[in-house]
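> As input, take target24.cif (mmCIF, C-alpha atoms):
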```
data_protein
loop_
_atom_site.label_atom_id
_atom_site.label_comp_id
_atom_site.auth_asym_id
_atom_site.auth_seq_id
_atom_site.Cartn_x
_atom_site.Cartn_y
_atom_site.Cartn_z
CA MET A 705 39.10 -73.26 -50.03
CA SER A 706 40.47 -75.90 -52.42
CA GLU A 707 38.30 -77.81 -54.85
CA HIS A 708 38.73 -80.89 -52.65
CA ASP A 709 37.58 -79.03 -49.53
CA ARG A 710 34.48 -77.95 -51.40
CA TRP A 711 33.53 -81.61 -51.86
CA SER A 712 34.75 -83.17 -48.64
CA GLU A 713 31.48 -82.57 -46.77
CA ASP A 714 29.66 -84.60 -49.44
CA LEU A 715 31.84 -87.70 -49.37
CA ALA A 716 30.00 -89.50 -46.56
CA ALA A 717 26.67 -88.87 -48.25
CA TYR A 718 28.11 -90.14 -51.52
CA ALA A 719 29.38 -93.31 -49.85
CA LEU A 720 25.95 -93.82 -48.31
CA GLY A 721 24.22 -93.31 -51.65
CA ALA A 722 22.51 -90.23 -50.26
CA LEU A 723 23.64 -87.61 -52.74
CA ASP A 724 21.15 -86.37 -55.26
CA PRO A 725 21.95 -88.01 -58.64
CA GLU A 726 23.17 -84.80 -60.30
CA ARG A 727 25.39 -83.94 -57.38
CA ALA A 728 26.74 -87.50 -57.27
CA ALA A 729 27.59 -87.36 -60.97
CA GLU A 730 29.35 -84.03 -60.44
CA LEU A 731 31.35 -85.46 -57.54
CA GLU A 732 32.36 -88.47 -59.61
CA ARG A 733 33.66 -86.16 -62.34
CA HIS A 734 35.65 -84.22 -59.76
CA ALA A 735 36.98 -87.40 -58.09
CA GLU A 736 38.45 -88.58 -61.39
CA SER A 737 41.14 -85.99 -60.90
CA CYS A 738 41.18 -85.81 -57.08
CA GLU A 739 43.12 -88.60 -55.43
CA ARG A 740 42.22 -87.30 -51.95
CA CYS A 741 38.49 -87.65 -52.64
CA ARG A 742 38.96 -91.15 -54.06
CA SER A 743 41.06 -92.13 -51.10
CA GLU A 744 38.54 -90.79 -48.57
CA ILE A 745 35.68 -92.59 -50.28
CA ARG A 746 37.69 -95.83 -50.22
CA TRP A 747 38.36 -95.24 -46.52
CA LEU A 748 34.64 -94.77 -45.80
CA MET A 749 33.41 -97.83 -47.70
CA PRO A 750 34.04 -100.36 -44.91
CA ALA A 751 31.70 -98.29 -42.73
CA VAL A 752 29.02 -98.59 -45.40
CA ASP A 753 29.62 -102.34 -45.70
CA ALA A 754 29.36 -102.63 -41.93
CA LEU A 755 25.94 -100.98 -41.94
CA ALA A 756 24.74 -103.82 -44.16
CA GLU A 757 26.31 -106.44 -41.89
CA ALA A 758 24.94 -104.84 -38.74
CA VAL A 759 21.29 -105.63 -39.40
CA PRO A 760 19.56 -108.13 -37.09
CA ARG A 761 19.74 -111.52 -38.77
CA GLN A 762 16.66 -113.19 -40.18
CA ALA A 763 16.58 -116.68 -41.64
CA PRO A 764 15.45 -116.54 -45.28
CA PRO A 765 12.51 -118.84 -46.04
CA PRO A 766 13.69 -122.18 -47.52
CA ALA A 767 11.30 -121.68 -50.43
CA LEU A 768 13.39 -118.72 -51.55
CA ARG A 769 16.41 -120.95 -52.16
CA GLN A 770 14.22 -123.49 -53.90
CA ARG A 771 12.80 -120.88 -56.28
CA LEU A 772 16.22 -119.46 -57.03
CA MET A 773 17.77 -122.83 -57.73
CA ALA A 774 14.88 -123.83 -59.98
CA GLU A 775 15.34 -120.69 -62.06
CA VAL A 776 19.09 -121.04 -62.11
CA ARG A 777 19.00 -124.69 -63.18
CA ALA A 778 16.49 -123.88 -65.90
CA ASP A 779 18.77 -121.11 -67.16
CA ALA A 780 21.77 -123.41 -67.07
CA ARG A 781 19.90 -126.06 -69.03
CA ALA A 782 18.85 -123.46 -71.58
CA ALA A 783 22.47 -122.35 -71.82
CA GLY A 784 23.50 -125.94 -72.46
CA VAL A 785 25.47 -126.33 -69.22
CA GLU A 786 25.49 -129.92 -68.02
CA THR A 787 24.20 -130.01 -64.44
CA ALA A 788 23.53 -132.60 -61.81
CA SER A 789 19.84 -133.44 -61.96
CA GLY A 790 17.81 -130.83 -60.16
CA GLY A 791 16.69 -132.19 -56.82
CA LEU A 792 13.21 -132.49 -55.50
CA ARG A 793 13.51 -129.09 -53.84
CA GLU A 794 14.09 -127.45 -57.19
CA ARG A 795 11.28 -129.26 -58.92
CA LEU A 796 8.92 -128.10 -56.24
CA ALA A 797 10.33 -124.60 -56.30
CA GLY A 798 8.17 -121.59 -55.94
CA ILE A 799 5.67 -122.99 -53.55
CA ARG A 800 4.83 -121.07 -50.42
CA ILE A 801 3.00 -123.66 -48.44
CA GLY A 802 1.72 -121.47 -45.62
CA SER A 803 -0.25 -119.22 -47.88
CA LEU A 804 -0.72 -121.75 -50.68
CA THR A 805 0.67 -119.36 -53.22
CA TRP A 806 3.35 -120.12 -55.73
CA LYS A 807 5.36 -118.37 -58.35
CA PRO A 808 5.49 -119.17 -62.05
CA LEU A 809 8.67 -121.20 -61.69
CA ALA A 810 6.93 -123.93 -59.82
CA GLY A 811 5.73 -126.12 -62.63
CA LEU A 812 3.47 -129.09 -62.49
CA ALA A 813 5.01 -130.61 -59.36
CA ALA A 814 3.97 -127.60 -57.32
CA VAL A 815 0.42 -127.93 -58.48
CA VAL A 816 0.50 -131.57 -57.46
CA LEU A 817 1.70 -130.65 -53.98
CA VAL A 818 -0.94 -127.98 -53.51
CA VAL A 819 -3.66 -130.40 -54.53
CA ALA A 820 -2.27 -132.90 -52.04
CA ALA A 821 -2.19 -130.31 -49.31
CA ILE A 822 -5.84 -129.57 -49.80
CA ALA A 823 -7.02 -133.10 -50.37
CA GLY A 824 -4.85 -134.77 -47.72
CA TYR A 825 -4.15 -138.04 -49.47
CA GLU A 826 -1.57 -139.60 -51.68
CA VAL A 827 -1.72 -138.00 -55.07
CA GLY A 828 0.05 -140.70 -57.00
CA ASN A 829 3.05 -140.95 -59.23
CA GLY A 830 4.54 -139.09 -62.10
CA GLY A 831 3.64 -135.57 -61.12
CA GLY A 832 6.81 -133.64 -61.11
CA GLY A 833 9.36 -132.43 -63.50
CA GLY A 834 10.27 -135.66 -65.14
CA GLY A 835 10.64 -137.90 -62.07
CA ASN A 836 8.19 -140.07 -60.15
CA ALA A 837 6.69 -138.03 -57.31
CA SER A 838 4.23 -139.01 -54.61
CA THR A 839 2.81 -136.75 -51.97
CA TYR A 840 1.51 -137.83 -48.58
CA ALA A 841 -0.28 -135.66 -46.06
CA SER A 842 -0.68 -135.92 -42.31
CA PRO A 843 -4.15 -136.94 -41.10
CA PRO A 844 -6.53 -134.09 -40.20
CA SER A 845 -6.06 -134.92 -36.49
CA SER A 846 -2.33 -134.08 -36.66
CA PRO A 847 -1.39 -131.09 -34.44
CA ILE A 848 0.70 -129.65 -37.31
CA ALA A 849 -0.10 -129.95 -41.02
CA ALA A 850 2.66 -131.89 -42.72
CA HIS A 851 3.29 -133.15 -46.23
CA VAL A 852 5.93 -135.51 -47.43
CA VAL A 853 6.92 -135.47 -51.06
CA SER A 854 8.81 -138.45 -52.34
CA ALA A 855 10.49 -138.37 -55.72
CA ASP A 856 13.19 -140.49 -57.28
CA GLY A 857 13.58 -142.40 -54.02
CA SER A 858 14.23 -139.28 -51.89
CA GLY A 859 11.81 -137.46 -49.65
CA GLU A 860 11.21 -134.01 -48.29
CA ILE A 861 8.87 -132.95 -45.51
CA HIS A 862 7.06 -129.62 -45.34
CA LEU A 863 5.34 -128.27 -42.24
CA ALA A 864 3.00 -125.32 -42.05
CA ASP A 865 1.69 -123.21 -39.19
CA VAL A 866 4.42 -124.19 -36.78
CA LYS A 867 4.54 -121.94 -33.74
CA PRO A 868 7.87 -120.20 -33.03
CA LEU A 869 10.19 -122.44 -31.06
CA PRO A 870 12.06 -121.44 -27.92
CA GLU A 871 15.67 -120.50 -28.68
CA ASN A 872 17.04 -123.79 -27.36
CA ARG A 873 14.71 -126.07 -29.36
CA VAL A 874 14.81 -127.31 -32.94
CA LEU A 875 12.63 -129.49 -35.11
CA GLU A 876 13.95 -132.94 -35.88
CA ALA A 877 12.48 -135.34 -38.39
CA TRP A 878 12.51 -139.12 -38.04
CA VAL A 879 11.73 -141.92 -40.43
CA ARG A 880 10.53 -145.39 -39.48
CA ARG A 881 12.22 -147.88 -41.74
CA ASP A 882 11.67 -151.60 -41.37
CA GLY A 883 10.31 -150.98 -37.88
CA GLU A 884 13.35 -148.95 -36.72
CA VAL A 885 13.17 -145.20 -36.05
CA GLU A 886 16.07 -143.28 -37.61
CA ALA A 887 17.00 -139.62 -37.21
CA VAL A 888 17.14 -137.50 -40.35
CA LYS A 889 20.48 -135.74 -40.70
CA ALA A 890 19.32 -132.13 -40.99
CA LEU A 891 17.67 -130.22 -38.17
CA PHE A 892 15.31 -127.44 -39.07
CA VAL A 893 13.61 -124.39 -37.64
CA PRO A 894 10.40 -122.76 -38.83
CA ASP A 895 10.58 -119.47 -40.65
CA ARG A 896 8.65 -116.40 -39.53
CA GLU A 897 5.54 -117.59 -41.32
CA GLY A 898 5.62 -120.92 -39.53
CA ASN A 899 6.81 -122.94 -42.53
CA ALA A 900 9.58 -125.47 -42.21
CA SER A 901 11.07 -128.03 -44.58
CA THR A 902 13.86 -130.53 -44.59
CA MET A 903 15.18 -133.30 -46.77
CA LEU A 904 14.56 -136.85 -45.56
CA GLY A 905 17.01 -138.75 -47.69
CA SER A 906 16.20 -142.22 -48.97
CA MET A 907 12.55 -143.24 -48.59
CA ARG A 908 13.23 -146.89 -49.25
CA GLY A 909 11.37 -149.02 -46.68
CA VAL A 910 9.99 -145.96 -44.87
CA ASP A 911 6.40 -146.32 -43.68
CA LEU A 912 6.18 -143.36 -41.29
CA VAL A 913 7.73 -139.88 -41.07
CA MET A 914 7.58 -138.04 -37.75
CA VAL A 915 8.65 -134.66 -36.44
CA THR A 916 9.46 -133.85 -32.83
CA THR A 917 10.89 -130.82 -31.08
CA GLU A 918 14.30 -131.54 -29.59
CA PRO A 919 16.99 -129.66 -27.69
CA ALA A 920 19.35 -127.56 -29.86
CA GLY A 921 21.81 -129.87 -31.55
CA GLY A 922 19.20 -132.61 -31.93
CA SER A 923 18.77 -135.99 -30.28
CA LYS A 924 19.72 -139.53 -31.19
CA SER A 925 16.19 -140.75 -30.58
CA PRO A 926 12.91 -138.86 -30.10
CA THR A 927 12.54 -137.37 -26.61
CA GLY A 928 8.90 -136.30 -26.91
CA ALA A 929 5.66 -137.00 -28.67
CA PRO A 930 5.60 -136.24 -32.40
CA ILE A 931 4.07 -132.92 -33.41
CA ALA A 932 3.44 -134.36 -36.86
CA GLU A 933 3.21 -137.85 -38.33
CA VAL A 934 2.82 -138.76 -41.97
CA PRO A 935 2.13 -142.39 -42.95
CA ILE A 936 3.85 -143.44 -46.17
CA GLU A 937 2.37 -146.13 -48.35
CA GLN A 938 4.98 -148.50 -49.72
CA MET B 816 30.30 -129.54 -66.86
CA ALA B 817 29.30 -127.92 -63.60
CA VAL B 818 31.74 -127.94 -60.74
CA LYS B 819 30.92 -130.28 -57.86
CA ARG B 820 29.44 -128.80 -54.70
CA GLU B 821 32.38 -129.90 -52.52
CA LYS B 822 34.84 -128.22 -54.82
CA ALA B 823 32.77 -125.05 -55.08
CA GLU B 824 32.63 -124.81 -51.29
CA ARG B 825 36.40 -124.60 -51.16
CA LEU B 826 36.54 -121.66 -53.55
CA ALA B 827 36.67 -118.01 -52.50
CA ASP B 828 33.84 -115.76 -53.62
CA GLU B 829 36.08 -114.15 -56.21
CA GLU B 830 36.79 -117.60 -57.68
CA LEU B 831 33.11 -118.50 -57.74
CA MET B 832 32.17 -115.49 -59.82
CA PRO B 833 33.66 -116.70 -63.13
CA LEU B 834 31.89 -120.03 -62.60
CA ILE B 835 28.61 -118.24 -61.95
CA GLY B 836 29.28 -116.19 -65.07
CA ALA B 837 29.62 -119.51 -66.91
CA LYS B 838 26.18 -120.54 -65.57
CA ASP B 839 27.29 -123.10 -63.01
CA PRO B 840 24.35 -123.82 -60.65
CA GLU B 841 26.50 -125.45 -57.96
CA ALA B 842 28.74 -122.40 -57.73
CA PHE B 843 25.64 -120.26 -57.45
CA ALA B 844 24.17 -122.50 -54.72
CA VAL B 845 27.34 -122.09 -52.66
CA PHE B 846 27.26 -118.34 -53.24
CA TYR B 847 23.66 -118.15 -52.08
CA ASP B 848 24.33 -120.29 -49.01
CA ARG B 849 27.13 -117.93 -48.02
CA HIS B 850 25.33 -114.66 -48.51
CA GLY B 851 21.60 -115.37 -48.69
CA GLY B 852 21.09 -114.87 -44.97
CA VAL B 853 22.62 -111.45 -44.70
CA ALA B 854 21.08 -110.40 -48.03
CA TYR B 855 17.59 -111.34 -46.88
CA SER B 856 18.20 -109.71 -43.49
CA LEU B 857 19.29 -106.46 -45.12
CA ALA B 858 16.34 -106.49 -47.49
CA TYR B 859 13.97 -107.11 -44.58
CA ARG B 860 15.57 -104.33 -42.55
CA ILE B 861 14.93 -101.91 -45.40
CA VAL B 862 11.51 -102.95 -46.67
CA GLY B 863 10.10 -104.15 -43.33
CA ASP B 864 7.99 -106.90 -44.88
CA PRO B 865 8.92 -110.61 -45.28
CA GLY B 866 7.28 -111.09 -48.68
CA ALA B 867 8.82 -107.95 -50.15
CA ALA B 868 12.20 -108.87 -48.65
CA GLU B 869 11.96 -112.27 -50.29
CA ASP B 870 11.20 -110.70 -53.67
CA VAL B 871 14.06 -108.23 -53.33
CA THR B 872 16.51 -110.97 -52.39
CA GLN B 873 15.36 -113.18 -55.25
CA GLU B 874 15.72 -110.37 -57.78
CA ALA B 875 19.15 -109.46 -56.46
CA PHE B 876 20.51 -113.00 -56.65
CA ILE B 877 19.05 -113.59 -60.09
CA SER B 878 20.69 -110.37 -61.18
CA VAL B 879 24.02 -111.70 -59.90
CA TRP B 880 23.40 -114.99 -61.69
CA ARG B 881 22.78 -113.18 -64.94
CA SER B 882 25.55 -110.62 -64.59
CA GLY B 883 28.10 -112.39 -62.40
CA ALA B 884 30.76 -111.89 -64.99
CA ARG B 885 30.43 -108.14 -64.53
CA PHE B 886 31.81 -108.21 -61.01
CA ASP B 887 34.90 -106.02 -60.82
CA ARG B 888 37.15 -107.06 -57.96
CA ALA B 889 38.93 -103.71 -58.07
CA ARG B 890 35.79 -102.16 -56.61
CA GLY B 891 35.62 -104.21 -53.44
CA SER B 892 34.60 -107.64 -52.20
CA VAL B 893 31.96 -109.80 -53.82
CA ARG B 894 29.92 -109.65 -50.63
CA SER B 895 29.95 -105.83 -50.62
CA TRP B 896 28.94 -105.81 -54.26
CA MET B 897 26.13 -108.28 -53.57
CA LEU B 898 24.86 -106.29 -50.61
CA SER B 899 24.95 -103.05 -52.56
CA ILE B 900 22.73 -104.71 -55.19
CA VAL B 901 20.34 -105.87 -52.46
CA ARG B 902 20.29 -102.45 -50.85
CA ASN B 903 19.61 -100.67 -54.15
CA ARG B 904 16.80 -103.05 -55.04
CA ALA B 905 15.28 -102.78 -51.60
CA ILE B 906 15.33 -99.00 -51.82
CA ASP B 907 13.74 -99.20 -55.29
CA SER B 908 11.07 -101.46 -53.82
CA LEU B 909 10.43 -98.99 -51.02
CA ARG B 910 10.18 -96.11 -53.44
CA ALA B 911 7.82 -98.04 -55.66
CA GLY B 912 5.61 -98.50 -52.65
CA ALA B 913 5.90 -102.26 -52.93
CA ALA B 914 6.52 -102.71 -49.23
CA SER B 915 3.58 -102.35 -46.95
CA LYS B 916 5.46 -101.32 -43.85
CA ALA B 917 7.77 -98.43 -43.12
CA PRO B 918 11.37 -99.34 -42.36
CA LYS B 919 12.51 -99.50 -38.80
CA LEU B 920 14.78 -96.59 -38.08
CA THR B 921 16.59 -97.64 -34.95
CA PHE B 922 18.58 -100.58 -33.65
CA ASP B 923 16.63 -100.59 -30.40
CA ASP B 924 14.51 -103.54 -31.42
CA ASP B 925 16.73 -106.55 -30.94
CA ALA B 926 13.81 -108.94 -30.71
CA VAL B 927 14.84 -110.79 -33.82
CA LEU B 928 18.43 -111.89 -33.65
CA GLU B 929 20.58 -114.41 -35.38
CA GLN B 930 18.63 -117.65 -35.40
CA ARG B 931 21.42 -120.12 -35.94
CA PRO B 932 23.27 -121.41 -32.91
CA ALA B 933 26.64 -119.75 -32.39
CA GLU B 934 28.53 -123.00 -32.83
CA GLU B 935 27.40 -123.23 -36.44
CA LEU B 936 29.17 -120.00 -37.37
CA THR B 937 32.38 -120.21 -39.33
CA GLU B 938 35.37 -118.19 -38.21
CA GLU B 939 34.73 -115.68 -40.97
CA GLU B 940 31.09 -115.36 -39.97
CA ALA B 941 32.07 -114.94 -36.35
CA MET B 942 34.36 -112.06 -37.33
CA ARG B 943 31.56 -110.47 -39.29
CA HIS B 944 29.35 -110.80 -36.25
CA GLU B 945 31.94 -109.06 -34.14
CA THR B 946 32.11 -106.24 -36.67
CA ALA B 947 28.33 -106.09 -36.75
CA ASP B 948 28.28 -105.88 -32.97
CA GLU B 949 30.86 -103.12 -33.05
CA VAL B 950 28.84 -101.16 -35.60
CA ARG B 951 25.65 -101.63 -33.62
CA GLY B 952 27.59 -100.45 -30.61
CA ALA B 953 29.05 -97.52 -32.49
CA LEU B 954 25.63 -96.52 -33.81
CA GLY B 955 24.28 -96.74 -30.31
CA LEU B 956 27.02 -94.48 -29.04
CA LEU B 957 26.59 -91.89 -31.77
CA PRO B 958 24.63 -88.81 -30.86
CA GLY B 959 21.04 -89.48 -31.91
CA ASP B 960 21.07 -86.78 -34.57
CA GLN B 961 24.07 -88.43 -36.28
CA SER B 962 22.74 -92.00 -36.20
CA LYS B 963 19.36 -90.78 -37.41
CA VAL B 964 20.67 -89.17 -40.59
CA ILE B 965 22.80 -92.24 -41.35
CA GLU B 966 19.91 -94.64 -40.86
CA LEU B 967 17.56 -92.49 -42.91
CA ALA B 968 20.12 -92.41 -45.70
CA TYR B 969 21.26 -96.02 -45.73
CA TYR B 970 18.18 -97.95 -44.66
CA GLY B 971 15.57 -95.42 -45.72
CA GLY B 972 17.09 -94.45 -49.07
CA PHE B 973 16.60 -90.74 -48.49
CA SER B 974 18.95 -88.21 -50.03
CA GLN B 975 20.61 -85.68 -47.78
CA SER B 976 18.41 -82.90 -49.10
CA GLU B 977 15.28 -84.98 -48.40
CA ILE B 978 16.56 -85.64 -44.89
CA ALA B 979 17.20 -81.94 -44.32
CA GLU B 980 13.63 -81.23 -45.35
CA MET B 981 12.20 -84.03 -43.20
CA LEU B 982 14.09 -82.96 -40.13
CA GLY B 983 13.67 -79.25 -40.77
CA VAL B 984 17.39 -78.52 -40.52
CA PRO B 985 19.78 -76.86 -42.98
CA LEU B 986 21.40 -79.10 -45.60
CA GLY B 987 24.84 -78.24 -44.22
CA THR B 988 23.81 -79.60 -40.82
CA VAL B 989 22.79 -82.93 -42.35
CA LYS B 990 26.08 -83.14 -44.25
CA GLY B 991 28.06 -82.46 -41.10
CA ARG B 992 26.15 -85.01 -39.00
CA MET B 993 26.51 -87.63 -41.71
CA ARG B 994 30.24 -87.07 -42.08
CA LEU B 995 30.92 -87.09 -38.33
CA GLY B 996 28.82 -90.21 -37.77
CA MET B 997 30.41 -92.15 -40.62
CA GLU B 998 33.89 -91.17 -39.49
CA LYS B 999 33.11 -92.48 -36.00
CA ILE B 1000 31.80 -95.79 -37.33
CA ARG B 1001 34.86 -96.11 -39.55
CA GLY B 1002 37.07 -95.30 -36.60
CA GLU B 1003 35.35 -97.95 -34.52
CA ILE B 1004 35.99 -100.57 -37.23
CA ALA B 1005 39.65 -99.56 -37.49
CA GLU B 1006 39.98 -99.85 -33.72
CA GLY B 1007 38.39 -103.28 -33.77
CA LEU B 1008 40.92 -104.44 -36.35
CA ALA B 1009 43.89 -103.00 -34.45
#
```
Go ahead and express the file in the form of structure tokens.

Amino acid sequence: MSEHDRWSEDLAAYALGALDPERAAELERHAESCERCRSEIRWLMPAVDALAEAVPRQAPPPALRQRLMAEVRADARAAGVETASGGLRERLAGIRIGSLTWKPLAGLAAVVLVVAAIAGYEVGNGGGGGGNASTYASPPSSPIAAHVVSADGSGEIHLADVKPLPENRVLEAWVRRDGEVEAVKALFVPDREGNASTMLGSMRGVDLVMVTTEPAGGSKSPTGAPIAEVPIEQ
Amino acid sequence: MAVKREKAERLADEELMPLIGAKDPEAFAVFYDRHGGVAYSLAYRIVGDPGAAEDVTQEAFISVWRSGARFDRARGSVRSWMLSIVRNRAIDSLRAGAASKAPKLTFDDDAVLEQRPAEELTEEEAMRHETADEVRGALGLLPGDQSKVIELAYYGGFSQSEIAEMLGVPLGTVKGRMRLGMEKIRGEIAEGLA
């Protein structure tokens, strides 16, 4: 039996990361001088990659992206990299609305939003991260708890405790501006914890934000009663 | 000056990495939007808990942000590298007992599937889905003893000697099952590409 044959039974385990550390280190030393081992490991790696790709897909919670981008932008600023101004999402990063927990990255704006969520009224201006932020909450009678945060002229809506939607339905947000109802560009779906968020775009002239469930792909105008409504004071 | 989002979206992963290494948030945002879904899904598959999966994914991406310049393209694709970081962190999290639930060990539960409509998938994503389907199919076709050792190793983080002990079979048997199973999956992928 050649030295290569002695190791060949271990190559799949090595590729899977299932060799004991000492054995793996030994194999690596051997592979430095064994082209056949290196070649077989290279051949196996797509199978390992495919195991990662084969998992059932889950949508990551939007708050995860917000937290990451907040940390990344803070790092970039510290490193002196000029960046576009961090959006509202980033300034509110770290918040997990459903459970009202947040991570240290959140900053003052997150605290403002949590207070608003509990109190259910407009908090006022100047709360978050250097811009003017106002938070509005849906009335207690609303079927779904919703909060709209408006900062620097742009808004974002957060929903909590949304029940899972049928596969062919999505959430669509609408703004009433100067008496006309307009669709918001992005459609959204709740995560597994029932939280959902989307950007609303410009809040200029908006006095009401609504959310309806619509067929996949969205609708040009609301086809059902709102599941959430948030009045906005101008 | 950070690269604009539109420009970053046109760049390949390998071209994004130097920008991420130079601390460009827009490049990182594009990178996350491309791979965050599968990364979170893999973490969830391993740790079996949404909160722990979120933490694992966050740590993994921050680690890429802080060490992006260390990516070595000679060792595979950026996505593979990213997913290996996620997998290692998820296994560490499991071992530390951070996750409250045991990992699922079979592909039988298809209750939670891709949540985005098919028409939103890019061509590249669609190909990945096909490969994922083939692997799920291949795992389903493997003799149960072969798929079990592979799943315990990859998603459970167990070493082959731990698996031998758990299953009460000789180490050589585990090695053989693992090798045969992986060769079949690899063969299935090669066939799919042919």
> Go through the shown structure with the PyMOL selection byres ((chain A) within 9 of (chain B)) and write out the matching residues as a PyMOL selection string.
chain A and resi 712-717+720-724+747-765+768-769+771-773+775-777+779-780+783+785-788+871-872+893+896-897+920-921
> Measure the distance from CA of Gly898 in chain A to CA of Ala774 in chain A in Å and round it to one decimal.
22.6 Å
> Smallest atom-to-atom distance to Cys738 in chain A: which of A:Asp911, A:Glu937, A:Asp709, A:Glu918, using only C-alpha atoms?
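Result for the nearest residue to Cys738 in chain A: A:Asp709.
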> Between CA of Val879 in chain A and CA of Glu821 in chain B, what is the distance in Å, rounded to a tenth?
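CA of Val879 in chain A sits 26.8 Å away from CA of Glu821 in chain B.
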> If you measure from CA of Glu980 in chain B to CA of Ser962 in chain B, what distance in Å do you get, rounded to one decimal?
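Separating CA of Glu980 in chain B from CA of Ser962 in chain B is a distance of 16.8 Å.
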> Written as a list in words, what is the full residue list that the PyMOL selection byres ((chain A and resi 734) around 12) yields on the file shown?
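In the shown coordinates, the PyMOL selection byres ((chain A and resi 734) around 12) covers Glu707, His708, Asp709, Arg710, Trp711, Ser712, Asp714, Leu715, Arg727, Ala728, Ala729, Glu730, Leu731, Glu732, Arg733, Ala735, Glu736, Ser737, Cys738, Glu739, Arg740, Cys741 and Arg742 of chain A.
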> Write out the residues from the selection above, keeping C-alpha atoms, as a CSV table (one decimal), in the coordinates of the input.

```
chain,number,residue,atom,x,y,z
A,707,GLU,CA,38.3,-77.8,-54.8
A,708,HIS,CA,38.7,-80.9,-52.6
A,709,ASP,CA,37.6,-79.0,-49.5
A,710,ARG,CA,34.5,-78.0,-51.4
A,711,TRP,CA,33.5,-81.6,-51.9
A,712,SER,CA,34.8,-83.2,-48.6
A,714,ASP,CA,29.7,-84.6,-49.4
A,715,LEU,CA,31.8,-87.7,-49.4
A,727,ARG,CA,25.4,-83.9,-57.4
A,728,ALA,CA,26.7,-87.5,-57.3
A,729,ALA,CA,27.6,-87.4,-61.0
A,730,GLU,CA,29.4,-84.0,-60.4
A,731,LEU,CA,31.4,-85.5,-57.5
A,732,GLU,CA,32.4,-88.5,-59.6
A,733,ARG,CA,33.7,-86.2,-62.3
A,735,ALA,CA,37.0,-87.4,-58.1
A,736,GLU,CA,38.4,-88.6,-61.4
A,737,SER,CA,41.1,-86.0,-60.9
A,738,CYS,CA,41.2,-85.8,-57.1
A,739,GLU,CA,43.1,-88.6,-55.4
A,740,ARG,CA,42.2,-87.3,-52.0
A,741,CYS,CA,38.5,-87.6,-52.6
A,742,ARG,CA,39.0,-91.2,-54.1
```
> Let me make sure I understand: among A:Tyr718, A:Ala877, A:Val852, A:Lys867, which one has the smallest atom-to-atom distance to Val915 in chain A if we use only C-alpha atoms?
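For Val915 in chain A, the nearest of the candidates is A:Ala877.
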